[in-house]
$ cat data-v1.cif   # mmCIF, C-alpha atoms
data_upload
loop_
_atom_site.label_atom_id
_atom_site.label_comp_id
_atom_site.auth_asym_id
_atom_site.auth_seq_id
_atom_site.Cartn_x
_atom_site.Cartn_y
_atom_site.Cartn_z
CA LEU A 24 26.23 64.13 -29.80
CA SER A 25 22.68 65.24 -30.35
CA PRO A 26 20.89 66.84 -27.42
CA ALA A 27 18.77 63.67 -27.08
CA MET A 28 21.85 61.41 -26.91
CA ALA A 29 23.56 63.79 -24.54
CA ALA A 30 20.56 63.64 -22.26
CA PHE A 31 20.51 59.87 -22.57
CA GLY A 32 24.10 59.48 -21.45
CA ALA A 33 24.25 62.34 -18.98
CA HIS A 34 25.17 61.74 -15.37
CA ASN A 35 22.12 61.59 -13.13
CA PRO A 36 22.97 62.14 -9.43
CA LEU A 37 19.59 60.78 -8.34
CA LEU A 38 20.35 57.31 -9.66
CA PRO A 39 22.52 54.79 -7.77
CA GLY A 40 26.20 54.37 -8.65
CA GLY A 41 27.53 52.19 -11.45
CA ASP A 42 27.81 52.74 -15.18
CA GLN A 43 26.13 56.11 -15.57
CA SER A 44 26.35 55.86 -19.33
CA LEU A 45 23.55 53.26 -19.13
CA SER A 46 21.48 55.21 -16.62
CA ARG A 47 18.10 56.50 -17.62
CA PRO A 48 16.95 59.84 -16.22
CA PHE A 49 13.75 59.73 -14.21
CA GLY A 50 10.70 59.59 -16.46
CA PHE A 51 12.62 58.21 -19.46
CA VAL A 52 11.83 54.63 -20.49
CA SER A 53 13.35 53.15 -23.62
CA GLN A 54 11.57 50.54 -25.71
CA PRO A 55 13.79 47.53 -24.78
CA PHE A 56 13.10 48.09 -21.09
CA MET A 57 9.35 48.10 -21.65
CA LYS A 58 9.47 44.57 -23.09
CA THR A 59 10.99 43.06 -19.94
CA LYS A 60 8.54 42.66 -17.05
CA PRO A 61 9.60 41.73 -13.53
CA VAL A 62 8.66 38.25 -12.41
CA ALA A 63 6.19 38.39 -9.51
CA GLU A 64 7.04 36.17 -6.56
CA PRO A 65 4.25 33.90 -5.34
CA SER A 66 2.41 35.17 -2.28
CA THR A 67 3.14 33.22 0.87
CA ARG A 68 0.52 34.92 3.03
CA THR A 69 -2.93 33.60 3.86
CA GLN A 70 -4.98 35.86 1.63
CA GLN A 71 -8.21 34.25 2.75
CA PRO A 72 -9.19 31.10 4.68
CA ILE A 73 -9.43 28.00 2.47
CA VAL A 74 -10.46 24.98 4.57
CA THR A 75 -12.19 26.28 7.67
CA GLY A 76 -13.94 25.20 10.84
CA THR A 77 -16.74 27.12 12.49
CA GLY A 78 -17.53 28.03 16.10
CA VAL A 79 -15.87 26.73 19.26
CA LEU A 80 -17.82 27.02 22.50
CA GLY A 81 -16.46 27.15 26.04
CA ILE A 82 -18.19 27.28 29.41
CA LYS A 83 -17.12 27.03 33.04
CA TYR A 84 -18.95 24.61 35.32
CA ASN A 85 -18.62 23.55 38.93
CA GLY A 86 -15.21 21.90 38.98
CA GLY A 87 -13.80 22.63 35.56
CA VAL A 88 -14.12 23.99 32.04
CA MET A 89 -15.73 22.40 28.99
CA LEU A 90 -15.14 23.05 25.28
CA ALA A 91 -17.15 21.83 22.32
CA CYS A 92 -17.11 22.15 18.54
CA ASP A 93 -18.10 20.18 15.47
CA THR A 94 -15.71 18.21 13.27
CA LEU A 95 -16.51 19.67 9.85
CA GLY A 96 -13.83 21.20 7.64
CA SER A 97 -15.48 23.31 4.93
CA TYR A 98 -13.75 23.94 1.60
CA GLY A 99 -15.55 27.17 0.83
CA SER A 100 -19.23 26.14 0.87
CA LEU A 101 -18.40 22.46 0.32
CA ALA A 102 -18.66 20.20 3.40
CA ARG A 103 -15.38 18.52 2.46
CA TYR A 104 -13.78 17.01 5.58
CA ARG A 105 -16.10 15.55 8.20
CA THR A 106 -13.69 14.19 10.81
CA VAL A 107 -11.47 17.19 11.58
CA LYS A 108 -10.53 17.47 15.25
CA ARG A 109 -10.10 21.06 16.38
CA LEU A 110 -9.45 20.55 20.10
CA GLU A 111 -5.81 20.07 21.13
CA LYS A 112 -4.31 19.17 24.48
CA VAL A 113 -1.40 21.41 25.46
CA GLY A 114 0.62 20.29 28.47
CA ASP A 115 -1.15 18.76 31.44
CA PHE A 116 -3.61 21.51 32.27
CA THR A 117 -4.78 23.14 29.03
CA ILE A 118 -6.95 22.62 25.95
CA VAL A 119 -6.86 24.86 22.88
CA GLY A 120 -9.69 24.95 20.35
CA ALA A 121 -9.74 26.85 17.07
CA SER A 122 -12.11 28.07 14.42
CA GLY A 123 -10.98 29.52 11.12
CA ASP A 124 -8.32 28.28 8.71
CA LEU A 125 -7.31 24.72 9.56
CA SER A 126 -3.83 24.91 8.02
CA ASP A 127 -3.07 27.92 10.20
CA PHE A 128 -4.30 25.98 13.24
CA GLN A 129 -1.93 23.17 12.31
CA LYS A 130 0.88 25.74 12.36
CA ILE A 131 -0.24 26.98 15.79
CA SER A 132 -0.46 23.39 17.06
CA SER A 133 3.11 22.66 15.96
CA MET A 134 4.31 25.83 17.73
CA LEU A 135 2.52 24.82 20.93
CA LYS A 136 3.94 21.29 20.79
CA GLU A 137 7.45 22.66 20.30
CA MET A 138 6.99 25.02 23.23
CA SER A 139 5.60 22.24 25.44
CA THR A 140 8.53 19.98 24.56
CA SER A 141 11.01 22.73 25.38
CA ASP A 142 9.19 23.47 28.64
CA ALA A 143 9.30 19.80 29.66
CA ALA A 144 12.97 19.46 28.68
CA PHE A 145 14.00 21.97 31.36
CA ASP A 146 12.58 19.59 33.99
CA ASP A 147 12.60 22.35 36.58
CA GLY A 148 9.17 21.68 38.05
CA CYS A 149 7.80 24.93 36.63
CA ASN A 150 5.28 24.37 33.84
CA MET A 151 3.34 26.88 31.81
CA THR A 152 -0.11 27.65 33.17
CA PRO A 153 -3.23 28.04 31.02
CA ARG A 154 -2.95 31.83 31.40
CA ASP A 155 0.67 31.66 30.20
CA ILE A 156 -0.42 29.82 27.06
CA HIS A 157 -3.24 32.30 26.52
CA GLN A 158 -0.80 35.21 26.77
CA TYR A 159 1.66 33.46 24.46
CA LEU A 160 -0.98 32.92 21.78
CA GLY A 161 -2.03 36.54 22.07
CA ARG A 162 1.54 37.68 21.40
CA VAL A 163 1.88 35.27 18.46
CA MET A 164 -1.35 36.44 16.84
CA TYR A 165 -0.53 40.11 17.38
CA ASN A 166 2.99 39.65 15.98
CA ARG A 167 1.69 38.00 12.82
CA ARG A 168 -0.98 40.68 12.45
CA ASN A 169 1.71 43.38 12.55
CA LYS A 170 3.50 41.60 9.71
CA PHE A 171 0.27 41.72 7.67
CA ASP A 172 0.47 37.91 7.63
CA PRO A 173 -2.14 36.86 10.21
CA LEU A 174 -2.87 33.35 11.34
CA TRP A 175 -6.52 33.25 10.33
CA ASN A 176 -7.97 31.78 13.52
CA GLU A 177 -10.02 32.49 16.59
CA LEU A 178 -8.67 30.50 19.53
CA VAL A 179 -10.24 29.38 22.79
CA VAL A 180 -7.97 28.43 25.71
CA ALA A 181 -9.40 26.38 28.60
CA GLY A 182 -7.47 25.19 31.62
CA PHE A 183 -7.58 24.17 35.26
CA ARG A 184 -4.61 24.81 37.54
CA ASP A 185 -4.23 25.11 41.32
CA GLY A 186 -7.95 24.64 41.85
CA LYS A 187 -8.91 27.51 39.53
CA PRO A 188 -10.61 27.26 36.13
CA PHE A 189 -9.43 29.41 33.23
CA LEU A 190 -11.25 30.30 30.02
CA GLY A 191 -10.04 32.85 27.48
CA ALA A 192 -10.13 33.71 23.79
CA VAL A 193 -7.75 35.20 21.22
CA ASP A 194 -8.65 36.43 17.75
CA LEU A 195 -6.57 36.82 14.59
CA ILE A 196 -5.42 40.38 15.43
CA GLY A 197 -4.30 39.49 18.94
CA THR A 198 -7.29 40.68 20.96
CA MET A 199 -7.42 38.72 24.22
CA TYR A 200 -10.06 38.40 26.91
CA GLU A 201 -11.21 36.06 29.66
CA ASP A 202 -14.82 35.19 30.53
CA ASP A 203 -17.04 32.52 32.06
CA VAL A 204 -18.53 31.68 28.64
CA VAL A 205 -16.77 32.03 25.28
CA ALA A 206 -17.81 31.46 21.68
CA THR A 207 -16.12 32.10 18.34
CA SER A 208 -17.26 32.64 14.77
CA PHE A 209 -21.04 32.43 14.22
CA GLY A 210 -21.40 31.05 17.73
CA ASN A 211 -20.90 34.59 19.04
CA TYR A 212 -24.31 35.51 17.68
CA VAL A 213 -26.24 32.27 18.15
CA CYS A 214 -24.76 30.41 21.12
CA LEU A 215 -23.33 33.04 23.45
CA PRO A 216 -26.76 34.30 24.63
CA LEU A 217 -27.88 30.72 25.33
CA MET A 218 -24.77 29.98 27.40
CA ARG A 219 -25.12 33.22 29.35
CA LYS A 220 -28.71 32.33 30.12
CA ALA A 221 -27.65 28.90 31.43
CA GLY A 222 -24.99 30.43 33.70
CA THR A 223 -22.01 28.64 35.21
CA ASN A 224 -23.56 27.06 38.31
CA LEU A 225 -23.77 23.77 36.47
CA SER A 226 -22.73 20.19 36.95
CA LYS A 227 -20.60 18.48 34.34
CA ASP A 228 -23.62 16.74 32.80
CA GLU A 229 -25.62 19.97 32.74
CA ALA A 230 -22.76 21.83 31.06
CA LYS A 231 -22.54 19.09 28.44
CA GLN A 232 -26.26 19.36 27.79
CA VAL A 233 -26.01 23.13 27.37
CA LEU A 234 -23.20 22.82 24.83
CA GLU A 235 -25.00 20.09 22.90
CA ASN A 236 -28.11 22.28 22.67
CA CYS A 237 -26.02 25.26 21.55
CA LEU A 238 -24.31 23.26 18.80
CA ARG A 239 -27.68 21.91 17.71
CA VAL A 240 -29.01 25.45 17.31
CA LEU A 241 -25.80 26.43 15.56
CA TYR A 242 -26.34 23.59 13.10
CA TYR A 243 -29.86 24.84 12.39
CA ARG A 244 -28.60 28.32 11.57
CA ASN A 245 -25.08 27.88 10.16
CA THR A 246 -24.41 26.14 6.86
CA LYS A 247 -20.75 25.56 7.84
CA SER A 248 -21.52 23.37 10.86
CA SER A 249 -22.45 19.71 11.27
CA THR A 250 -24.14 17.34 13.72
CA LYS A 251 -20.92 15.47 14.50
CA ILE A 252 -19.36 17.15 17.53
CA GLN A 253 -16.53 16.71 20.00
CA ILE A 254 -16.47 17.72 23.67
CA ALA A 255 -13.43 18.17 25.91
CA THR A 256 -13.17 18.88 29.63
CA VAL A 257 -10.34 20.02 31.87
CA SER A 258 -10.60 19.73 35.63
CA ALA A 259 -8.61 18.68 38.66
CA ASP A 260 -8.63 15.17 37.19
CA GLY A 261 -6.75 16.40 34.10
CA VAL A 262 -7.61 16.84 30.44
CA GLU A 263 -10.17 14.63 28.75
CA ILE A 264 -10.97 14.94 25.04
CA GLY A 265 -13.89 12.73 24.05
CA GLU A 266 -14.43 10.98 20.75
CA PRO A 267 -16.72 12.65 18.21
CA PHE A 268 -20.40 11.69 18.27
CA GLU A 269 -23.63 12.64 16.54
CA ILE A 270 -26.30 14.87 18.05
CA SER A 271 -29.97 14.57 17.23
CA THR A 272 -31.96 17.20 15.34
CA TYR A 273 -35.64 18.03 14.94
CA TRP A 274 -36.99 19.86 11.91
CA GLY A 275 -40.69 19.85 12.75
CA TYR A 276 -40.83 23.35 14.19
CA SER A 277 -43.37 25.58 12.44
CA ALA A 278 -40.76 28.32 12.14
CA PHE A 279 -38.75 26.00 9.86
CA GLU A 280 -41.58 25.63 7.36
CA HIS A 281 -41.01 27.66 4.19
CA THR A 282 -44.69 28.01 3.39
CA GLU A 283 -44.07 30.44 0.55
CA TYR A 284 -42.09 27.72 -1.24
CA HIS A 285 -44.94 25.21 -1.08
CA GLY A 286 -47.74 27.45 -2.30
CA LYS A 287 -49.46 27.55 1.09
CA ARG A 288 -51.12 30.60 2.55
CA LEU A 289 -50.49 31.74 6.09
#
$ encode --input "data-v1.cif" --output "structure tokens"
Amino acid sequence: LSPAMAAFGAHNPLLPGGDQSLSRPFGFVSQPFMKTKPVAEPSTRTQQPIVTGTGVLGIKYNGGVMLACDTLGSYGSLARYRTVKRLEKVGDFTIVGASGDLSDFQKISSMLKEMSTSDAAFDDGCNMTPRDIHQYLGRVMYNRRNKFDPLWNELVVAGFRDGKPFLGAVDLIGTMYEDDVVATSFGNYVCLPLMRKAGTNLSKDEAKQVLENCLRVLYYRNTKSSTKIQIATVSADGVEIGEPFEISTYWGYSAFEHTEYHGKRL
């Protein structure tokens, strides 16, 4: 055999076992092998959010907790779905709201329903508290983050149990915290200061007014929001998720006038 053929058929201890006569030494690629390309498997991870919802707001008031969000599902920059409900009841004491990818929130909702069904099936008189659900969601989000396959959501958990209100948030990497006021997405920048200014010494009607005003401002400043909103409350009376309704807007403020577009001088 020629030196080239001898090298081609030589035993290579670095290659796995089998027919060594067909083994190629490292760095040697023959022409037939270059013509065959491996078939790439389709990605099953959420590479980026597709249909999304924007901010969810939460605030404690005297006697309970209130959540609010709009009902718009945006396909990129297209206002595609206008009646998407992003507030879910979990058990008898908890509400979960979500911003971010809506398909991932559907996955989270199915997991929570399965867990609630399993919890009720034990019929042992011991039900999961709002804090338990908050901790569970934190572990789920952190687990998926460690797999580099995150559920692309920011979640708000509100509850009322044993006379105590609960309000917490979880993001897509598993960061968890509790506070008297919570906002996700663009609401962190626009609405959170307004809710902190209002405080938590509020009646139910006052808390509703604060959230409506916050979502109105969010609509002014965020292209991914809408005027159709939904409000949910959880208190000693239980969970109540209202039907979506429209909020009013006013565009006559001087700060909204783009004078440079109309040829006017300041």
$ residues_around --input "data-v1.cif" --residues "segment 153-168 of chain A" --least-positions-apart "6" --cutoff "6 Å" --atoms "all atoms listed in the file" --output "short mmCIF file (atom, residue, chain, number, x, y, z; two decimals) with C-alpha atoms, in the coordinates of the input"
data_model
loop_
_atom_site.label_atom_id
_atom_site.label_comp_id
_atom_site.auth_asym_id
_atom_site.auth_seq_id
_atom_site.Cartn_x
_atom_site.Cartn_y
_atom_site.Cartn_z
CA THR A 117 -4.78 23.14 29.03
CA GLY A 182 -7.47 25.19 31.62
CA VAL A 193 -7.75 35.20 21.22
CA LEU A 195 -6.57 36.82 14.59
CA ILE A 196 -5.42 40.38 15.43
CA GLY A 197 -4.30 39.49 18.94
#
$ resolve_selection --input "data-v1.cif" --expression "the PyMOL selection byres ((chain A and resi 74) around 10)" --output "JSON, numbers by chain"
{"A": [71, 72, 73, 75, 76, 95, 96, 97, 98, 99, 100, 101, 102, 103, 104, 123, 124, 125, 126, 127]}
$ resolve_selection --input "data-v1.cif" --expression "the PyMOL selection byres ((chain A and resi 185) around 10)" --output "number ranges by chain"
A: 116, 152, 183-184, 186-188, 259
$ resolve_selection --input "data-v1.cif" --expression "the PyMOL selection byres ((chain A and resi 251) around 12)" --output "MDAnalysis selection string"
chainID A and resid 91:96 104:108 235 238:239 242 248:250 252:254 266:272
$ write_last_selection --input "data-v1.cif" --atoms "C-alpha atoms" --output "tab-separated table (two decimals), keeping the file's coordinate frame"
chain	number	residue	atom	x	y	z
A	91	ALA	CA	-17.15	21.83	22.32
A	92	CYS	CA	-17.11	22.15	18.54
A	93	ASP	CA	-18.10	20.18	15.47
A	94	THR	CA	-15.71	18.21	13.27
A	95	LEU	CA	-16.51	19.67	9.85
A	96	GLY	CA	-13.83	21.20	7.64
A	104	TYR	CA	-13.78	17.01	5.58
A	105	ARG	CA	-16.10	15.55	8.20
A	106	THR	CA	-13.69	14.19	10.81
A	107	VAL	CA	-11.47	17.19	11.58
A	108	LYS	CA	-10.53	17.47	15.25
A	235	GLU	CA	-25.00	20.09	22.90
A	238	LEU	CA	-24.31	23.26	18.80
A	239	ARG	CA	-27.68	21.91	17.71
A	242	TYR	CA	-26.34	23.59	13.10
A	248	SER	CA	-21.52	23.37	10.86
A	249	SER	CA	-22.45	19.71	11.27
A	250	THR	CA	-24.14	17.34	13.72
A	252	ILE	CA	-19.36	17.15	17.53
A	253	GLN	CA	-16.53	16.71	20.00
A	254	ILE	CA	-16.47	17.72	23.67
A	266	GLU	CA	-14.43	10.98	20.75
A	267	PRO	CA	-16.72	12.65	18.21
A	268	PHE	CA	-20.40	11.69	18.27
A	269	GLU	CA	-23.63	12.64	16.54
A	270	ILE	CA	-26.30	14.87	18.05
A	271	SER	CA	-29.97	14.57	17.23
A	272	THR	CA	-31.96	17.20	15.34
$ atom_distance --input "data-v1.cif" --atom1 "atom CA of Met89 of chain A" --atom2 "atom CA of Met138 of chain A"
23.6 Å
$ residues_near_point --input "data-v1.cif" --point "(-18.5, 24.5, 26.9)" --cutoff "7 Å" --atoms "all atoms listed in the file" --output "VMD selection string"
chain A and resid 80 to 83 88 to 91 230 to 231 234
$ residues_around --input "data-v1.cif" --residues "Leu225 of chain A" --least-positions-apart "3" --cutoff "7 Å" --atoms "all atoms listed in the file" --output "list in words"
Tyr84, Asn85, Glu229 and Ala230 of chain A
$ atom_distance --input "data-v1.cif" --atom1 "atom CA of Ala192 of chain A" --atom2 "atom CA of Val179 of chain A"
4.4 Å
$ atom_distance --input "data-v1.cif" --atom1 "atom CA of Ala278 of chain A" --atom2 "atom CA of Val213 of chain A"
16.2 Å
$ residues_around --input "data-v1.cif" --residues "Val119 of chain A" --least-positions-apart "6" --cutoff "6 Å" --atoms "all atoms listed in the file" --output "PyMOL selection string"
chain A and resi 110-111+179-180
$ residues_near_point --input "data-v1.cif" --point "(-16.0, 30.2, 16.8)" --cutoff "10 Å" --atoms "all atoms listed in the file" --output "tab-separated table (two decimals) with C-alpha atoms, keeping the file's coordinate frame"
chain	number	residue	atom	x	y	z
A	76	GLY	CA	-13.94	25.20	10.84
A	77	THR	CA	-16.74	27.12	12.49
A	78	GLY	CA	-17.53	28.03	16.10
A	79	VAL	CA	-15.87	26.73	19.26
A	80	LEU	CA	-17.82	27.02	22.50
A	81	GLY	CA	-16.46	27.15	26.04
A	92	CYS	CA	-17.11	22.15	18.54
A	120	GLY	CA	-9.69	24.95	20.35
A	121	ALA	CA	-9.74	26.85	17.07
A	122	SER	CA	-12.11	28.07	14.42
A	123	GLY	CA	-10.98	29.52	11.12
A	176	ASN	CA	-7.97	31.78	13.52
A	177	GLU	CA	-10.02	32.49	16.59
A	178	LEU	CA	-8.67	30.50	19.53
A	179	VAL	CA	-10.24	29.38	22.79
A	192	ALA	CA	-10.13	33.71	23.79
A	194	ASP	CA	-8.65	36.43	17.75
A	205	VAL	CA	-16.77	32.03	25.28
A	206	ALA	CA	-17.81	31.46	21.68
A	207	THR	CA	-16.12	32.10	18.34
A	208	SER	CA	-17.26	32.64	14.77
A	209	PHE	CA	-21.04	32.43	14.22
A	210	GLY	CA	-21.40	31.05	17.73
A	211	ASN	CA	-20.90	34.59	19.04
A	212	TYR	CA	-24.31	35.51	17.68
A	214	CYS	CA	-24.76	30.41	21.12
$ build_atoms --input "data-v1.cif" --residues "segment 156-183 of chain A" --atoms "N, CA and C atoms" --output "CSV table (one decimal), in the frame of the given file"
chain,number,residue,atom,x,y,z
A,156,ILE,N,-0.2,30.2,28.5
A,156,ILE,CA,-0.4,29.8,27.1
A,156,ILE,C,-1.3,30.8,26.4
A,157,HIS,N,-2.3,31.3,27.1
A,157,HIS,CA,-3.2,32.3,26.5
A,157,HIS,C,-2.5,33.6,26.2
A,158,GLN,N,-1.6,34.0,27.0
A,158,GLN,CA,-0.8,35.2,26.8
A,158,GLN,C,0.2,35.0,25.6
A,159,TYR,N,0.7,33.8,25.6
A,159,TYR,CA,1.7,33.5,24.5
A,159,TYR,C,1.0,33.5,23.1
A,160,LEU,N,-0.2,32.9,23.0
A,160,LEU,CA,-1.0,32.9,21.8
A,160,LEU,C,-1.4,34.3,21.4
A,161,GLY,N,-1.7,35.1,22.4
A,161,GLY,CA,-2.0,36.5,22.1
A,161,GLY,C,-0.9,37.3,21.4
A,162,ARG,N,0.3,37.0,22.0
A,162,ARG,CA,1.5,37.7,21.4
A,162,ARG,C,1.8,37.2,20.0
A,163,VAL,N,1.6,35.8,19.8
A,163,VAL,CA,1.9,35.3,18.5
A,163,VAL,C,0.9,35.9,17.4
A,164,MET,N,-0.4,35.9,17.8
A,164,MET,CA,-1.4,36.4,16.8
A,164,MET,C,-1.1,37.9,16.6
A,165,TYR,N,-0.8,38.7,17.6
A,165,TYR,CA,-0.5,40.1,17.4
A,165,TYR,C,0.7,40.3,16.5
A,166,ASN,N,1.8,39.5,16.8
A,166,ASN,CA,3.0,39.6,16.0
A,166,ASN,C,2.7,39.4,14.5
A,167,ARG,N,2.0,38.3,14.2
A,167,ARG,CA,1.7,38.0,12.8
A,167,ARG,C,0.8,39.1,12.2
A,168,ARG,N,-0.1,39.6,13.0
A,168,ARG,CA,-1.0,40.7,12.4
A,168,ARG,C,-0.1,41.9,12.1
A,169,ASN,N,0.9,42.2,12.9
A,169,ASN,CA,1.7,43.4,12.6
A,169,ASN,C,2.6,43.2,11.3
A,170,LYS,N,2.8,41.9,10.9
A,170,LYS,CA,3.5,41.6,9.7
A,170,LYS,C,2.6,41.5,8.5
A,171,PHE,N,1.3,41.8,8.7
A,171,PHE,CA,0.3,41.7,7.7
A,171,PHE,C,0.2,40.3,7.1
A,172,ASP,N,0.5,39.3,8.0
A,172,ASP,CA,0.5,37.9,7.6
A,172,ASP,C,-0.2,37.2,8.8
A,173,PRO,N,-1.5,37.4,9.0
A,173,PRO,CA,-2.1,36.9,10.2
A,173,PRO,C,-2.4,35.4,10.1
A,174,LEU,N,-2.4,34.7,11.2
A,174,LEU,CA,-2.9,33.4,11.3
A,174,LEU,C,-4.4,33.5,11.5
A,175,TRP,N,-5.1,33.0,10.5
A,175,TRP,CA,-6.5,33.2,10.3
A,175,TRP,C,-7.4,32.4,11.2
A,176,ASN,N,-7.3,32.6,12.5
A,176,ASN,CA,-8.0,31.8,13.5
A,176,ASN,C,-8.5,32.6,14.7
A,177,GLU,N,-9.6,32.1,15.3
A,177,GLU,CA,-10.0,32.5,16.6
A,177,GLU,C,-9.8,31.3,17.5
A,178,LEU,N,-9.1,31.6,18.6
A,178,LEU,CA,-8.7,30.5,19.5
A,178,LEU,C,-9.4,30.6,20.9
A,179,VAL,N,-9.7,29.5,21.4
A,179,VAL,CA,-10.2,29.4,22.8
A,179,VAL,C,-9.3,28.6,23.6
A,180,VAL,N,-8.9,29.1,24.8
A,180,VAL,CA,-8.0,28.4,25.7
A,180,VAL,C,-8.7,28.1,27.0
A,181,ALA,N,-8.8,26.8,27.4
A,181,ALA,CA,-9.4,26.4,28.6
A,181,ALA,C,-8.4,25.6,29.4
A,182,GLY,N,-8.4,25.9,30.7
A,182,GLY,CA,-7.5,25.2,31.6
A,182,GLY,C,-8.0,25.1,33.0
A,183,PHE,N,-7.3,24.3,33.8
A,183,PHE,CA,-7.6,24.2,35.3
A,183,PHE,C,-6.3,23.9,36.0
